[in-house]
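First comes the structure, then the notes that go with it.
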Protein chains: 2
Amino acid sequence: MRTIIWKDGVVITIDQTILPDEEIWIEMRSCDEIAKAIKEMKIRGAPLIGVAAAYGLALTAYHSNAENREDFLKEIDISADMLKRTRPTAVNLFWAVDRILKKAKSAEGDVETLKSIVIKEAESIAEEDAVVNKMIGKHGSKLISDGDTILTHCNAGRLATVDYGTALAVIRAAWEEGKRIKVIVDETRPKLQGARLTAYELMRDGIPVTLITDNMVGYVMFRGLVDKVIVGADRIVCDAIINKIGTYSIAVLAYEHKVPFYVAAPLSTFDLNISAKNVIIEERSPEEVTYIKSVRITPPGVNALNPAFDITPMKYVNYIICEKGILSREDLSKMAKAHHSA
Amino acid sequence: MRTIIWKDGVVITIDQTILPDEEIWIEMRSCDEIAKAIKEMKIRGAPLIGVAAAYGLALTAYHSNAENREDFLKEIDISADMLKRTRPTAVNLFWAVDRILKKAKSAEGDVETLKSIVIKEAESIAEEDAVVNKMIGKHGSKLISDGDTILTHCNAGRLATVDYGTALAVIRAAWEEGKRIKVIVDETRPKLQGARLTAYELMRDGIPVTLITDNMVGYVMFRGLVDKVIVGADRIVCDAIINKIGTYSIAVLAYEHKVPFYVAAPLSTFDLNISAKNVIIEERSPEEVTYIKSVRITPPGVNALNPAFDITPMKYVNYIICEKGILSREDLSKMAKAHHSA
């Protein structure tokens, strides 16, 4: 099952704000609608945001009435700017948009040709994501032993990607190979992606899953209940992993308990030219903290912080799993140097 | 303002499950009603549970129709057993019940005399709690500097005690001395005592408070936003602090960030004869995790853990603040040895 589908100028995806209560598929016919859905987190997960943004440009192209190349590229540029303003942290968004812009601008031909190039490139980005995730699963599964209990955070699953997931790809691959694993997922406040989405995905696949609150992570490690941690990433920079708020706390706890901490993400999440201090951490509305699913949980008027992501220095990361294989900190550091000198 | 009041055979307290939406005072006329309120967490917080249990025995005494000393003490024993079965972890409950049992059993006199002894002892326990908390505040405030931002967890405030609080006593005392402090409180899932009760108390007192989700603790420390951590305790044993789930994760994070970690609790919370491995950690209903204020947040049928407390080894604790003053780990270890040899 694909999380996002392109069909003749319509993009169809599941509204992730309503899961698991209802599984509602929404249809989007313009880049505006895509941008709005990303902002409102109907579409979320770094790889899926990248693919959705690509499809946003494809929608602009498909429905364009531009009569010449210049006007067409202007429309694409406007859409690209709009998409880039939706959410600042996940790099896949910028990667996908820039990849399409580059392809369109360097291509020859008339408007119809450019339209089909943009749409085809968006479809390639989606297709590659599904393939890459299978590879991440295959590589990552080597790190998983029969009988392991794996803690994961937020949702780095099928719902965060086109298919199969990143962190959950590793879990799925291990499960499909017959390893009897169990998963512990924390609920992941404020938006509860762990409780809502990861629990839902794993239950559907029949993989044993236990839900905890975010503040139980230390306790389950203290009790020796966790063998490994696997999370996804929104951006991998030269010195840190940027991922959903709460990741850093888990990484420190894993380090203290000597539990290996793995990050699973495609190369489209890598941004090795920059360091963590240059990453904008999105601050979202305090209402996401002071309300849970439209129920207020605190006195009116209380101050609240709501950083959507945090920064986990590379010191706390044992391995990064991508489509190329399993990378150590040293491998990453070599890649970063190669990038800088390139 | 007292959180719990005794008046002519009626115990009056605030229903903490409804705060901060409504401030509803409930009247209890029997030990059964007290036990039920403790179980349902209408009454919560280790010191308050102790006082409420004492008042539970006072209600049994007050309304007793026993005609002789033996029957009276049997009634008190039955009530004591019922109270001790409500919640297993906070030691103040056992301490208060045993203190009254001992007093009643060692006293001379007829039923009327015993009645008044039990009621008077319960009132003393309540009175002492308020006095002790003021002393905790006065001692603890020495550890707080002007301009500090203090992170606290759950609610160790007025609402967890008869008055003034334990961890919040320290914060209140520092504030009343004119130190310009700020508080960060995490929401404290599953029951949200931080978001509901601590935010409410501090806002009422005009002390600046910022709410975060539990999984933001690492991030705010990483950003250098926390100068000190102060929490309460449900039981202090010779080698660890037992407190609300999430305390241990915070302690490890504080340790890693070199943020001092303080525990504020009265001596009635100390249980130095035993070690953490002998403490029963209460497991509460999974529905407290899978629902938030009657809204389900996860697919039906998901497994969930719900330990109400966790264990923080003494290694992570810089100081314990009690009515006797500020205790180091070494002081505590000496006290434990004295207990053992006594």
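Here's how to read the names in the structure tokens: chain A, B, ... by the order shown, residue numbers from 1 in each chain, ligand numbers from 1 in the order shown.
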
Range 193-263 of chain B: residues DSSP assigns to strand (DSSP E), reported as a PyMOL selection string | chain B and resi 209-212+228-231+235-237+240-244+261-263

Tell me, counting only C-alpha atoms, for each residue of chain B within 9 Å of chain A, which pair of atoms is nearest and how far apart they are in Å to one decimal, in rows ordered by chain and increasing number, as a tab-separated table.
residue	atom	partner	partner_atom	distance
B:Leu19	CA	A:Thr298	CA	8.7
B:Pro20	CA	A:Pro299	CA	5.8
B:Asp21	CA	A:Pro299	CA	7.3
B:Glu187	CA	A:Thr298	CA	8.7
B:Thr188	CA	A:Asn215	CA	7.5
B:Arg189	CA	A:Thr213	CA	6.4
B:Pro190	CA	A:Thr213	CA	6.8
B:Leu192	CA	A:Ile297	CA	7.5
B:Gly194	CA	A:Thr298	CA	8.6
B:Ala195	CA	A:Thr298	CA	5.0
B:Arg196	CA	A:Thr298	CA	4.8
B:Leu197	CA	A:Thr298	CA	8.0
B:Ala199	CA	A:Thr298	CA	7.0
B:Tyr200	CA	A:Pro299	CA	6.0
B:Met203	CA	A:Val302	CA	7.7
B:Pro208	CA	A:Asn303	CA	8.6
B:Val209	CA	A:Asn303	CA	6.7
B:Thr210	CA	A:Asn303	CA	4.8
B:Leu211	CA	A:Ala304	CA	4.5
B:Ile212	CA	A:Leu305	CA	5.6
B:Thr213	CA	A:Arg189	CA	6.4
B:Asp214	CA	A:Asn215	CA	5.8
B:Asn215	CA	A:Gly246	CA	4.3
B:Met216	CA	A:Gly246	CA	5.8
B:Val217	CA	A:Ser249	CA	7.0
B:Gly218	CA	A:Ser249	CA	4.6
B:Tyr219	CA	A:Asp310	CA	6.1
B:Phe222	CA	A:Ile311	CA	8.5
B:Ile245	CA	A:Met216	CA	6.4
B:Gly246	CA	A:Asn215	CA	4.3
B:Thr247	CA	A:Asn215	CA	7.9
B:Tyr248	CA	A:Gly218	CA	6.2
B:Ser249	CA	A:Gly218	CA	4.6
B:Ile250	CA	A:Asn215	CA	8.4
B:Val252	CA	A:Leu253	CA	6.9
B:Leu253	CA	A:Val252	CA	6.9
B:Glu256	CA	A:Val252	CA	7.6
B:Val289	CA	A:Thr213	CA	6.7
B:Thr290	CA	A:Ala195	CA	7.9
B:Ile292	CA	A:Ile292	CA	7.5
B:Lys293	CA	A:Val295	CA	7.7
B:Val295	CA	A:Lys293	CA	7.7
B:Arg296	CA	A:Asp21	CA	8.7
B:Ile297	CA	A:Arg196	CA	6.2
B:Thr298	CA	A:Arg196	CA	4.7
B:Pro299	CA	A:Pro20	CA	5.8
B:Val302	CA	A:Thr210	CA	6.8
B:Asn303	CA	A:Thr210	CA	4.8
B:Ala304	CA	A:Leu211	CA	4.5
B:Leu305	CA	A:Ile212	CA	5.6
B:Asn306	CA	A:Ile212	CA	7.2
B:Pro307	CA	A:Met216	CA	8.0
B:Phe309	CA	A:Tyr219	CA	8.8
B:Asp310	CA	A:Tyr219	CA	6.1
B:Ile311	CA	A:Tyr219	CA	7.6

Which residues, written as a PyMOL selection string, have at least one atom at most 12 Å from Leu272 in chain B, with only C-alpha atoms counted and residues fewer than 4 positions away on the same chain left out?
-> chain B and resi 91+235-242+267-268+276+278-279+331-342

Go ahead and save the residues from that selection, with C-alpha atoms, as a PDB file, in the first residue's frame.
ATOM      1  CA  VAL B  91       5.472   5.541  52.089  1.00  0.00           C
ATOM      2  CA  ARG B 235       9.626   7.295  48.950  1.00  0.00           C
ATOM      3  CA  ILE B 236      13.302   7.802  49.729  1.00  0.00           C
ATOM      4  CA  VAL B 237      15.060   4.508  50.321  1.00  0.00           C
ATOM      5  CA  CYS B 238      18.708   3.956  51.220  1.00  0.00           C
ATOM      6  CA  ASP B 239      19.899   3.800  47.616  1.00  0.00           C
ATOM      7  CA  ALA B 240      17.302   5.622  45.514  1.00  0.00           C
ATOM      8  CA  ILE B 241      14.456   8.076  45.166  1.00  0.00           C
ATOM      9  CA  ILE B 242      11.082   6.673  44.162  1.00  0.00           C
ATOM     10  CA  LEU B 267      11.224  12.872  56.749  1.00  0.00           C
ATOM     11  CA  SER B 268       7.887  11.043  56.623  1.00  0.00           C
ATOM     12  CA  ALA B 276      14.858   0.187  45.895  1.00  0.00           C
ATOM     13  CA  ASN B 278      12.139  -3.994  47.812  1.00  0.00           C
ATOM     14  CA  VAL B 279       9.762  -1.247  46.698  1.00  0.00           C
ATOM     15  CA  ASP B 331      24.502  12.433  55.094  1.00  0.00           C
ATOM     16  CA  LEU B 332      21.824  10.096  53.817  1.00  0.00           C
ATOM     17  CA  SER B 333      24.138   7.138  53.832  1.00  0.00           C
ATOM     18  CA  LYS B 334      25.046   7.900  57.470  1.00  0.00           C
ATOM     19  CA  MET B 335      21.348   8.153  58.361  1.00  0.00           C
ATOM     20  CA  ALA B 336      20.691   4.818  56.646  1.00  0.00           C
ATOM     21  CA  LYS B 337      23.487   3.157  58.620  1.00  0.00           C
ATOM     22  CA  ALA B 338      22.159   4.597  61.872  1.00  0.00           C
ATOM     23  CA  HIS B 339      18.711   3.198  60.991  1.00  0.00           C
ATOM     24  CA  HIS B 340      20.105  -0.219  60.261  1.00  0.00           C
ATOM     25  CA  SER B 341      22.047  -0.421  63.488  1.00  0.00           C
ATOM     26  CA  ALA B 342      19.103   0.977  65.507  1.00  0.00           C
TER      27      ALA B 342
END

Compare A:Asp227, A:Leu73, A:Ala156, A:Asn65 by their minimum atom-to-atom distance to Ser106 in chain A, counting only C-alpha atoms, and give me the closest one.
-> A:Leu73

List every residue of range 47-268 of chain A that DSSP, applied to the backbone of this structure, places in helix (DSSP H, G or I), and write the result as an NGL selection string.
-> :A and (47-63 or 69-84 or 91-106 or 111-141 or 158-160 or 167-176 or 193-205 or 214-222 or 247-256 or 267-268)

Separation of CA of Leu114 in chain B and CA of Glu33 in chain B, in Å?
->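 Interatomic distance, CA of Leu114 in chain B to CA of Glu33 in chain B: 22.1 Å.
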
Enter the distance from CA of Ile49 in chain B to CA of Ala37 in chain B, in Å, rounded to one decimal.
-> 9.7 Å

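Of note, CA of Ser275 in chain B and CA of Met314 in chain B are spaced 10.9 Å apart.
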
Considering only C-alpha atoms, return as a PyMOL selection string whatever protein or nucleic-acid residues lie within 8 Å of range 107-112 of chain B, sequence-local ones (same chain, fewer than 6 positions apart) excluded.
-> chain B and resi 66-69+72
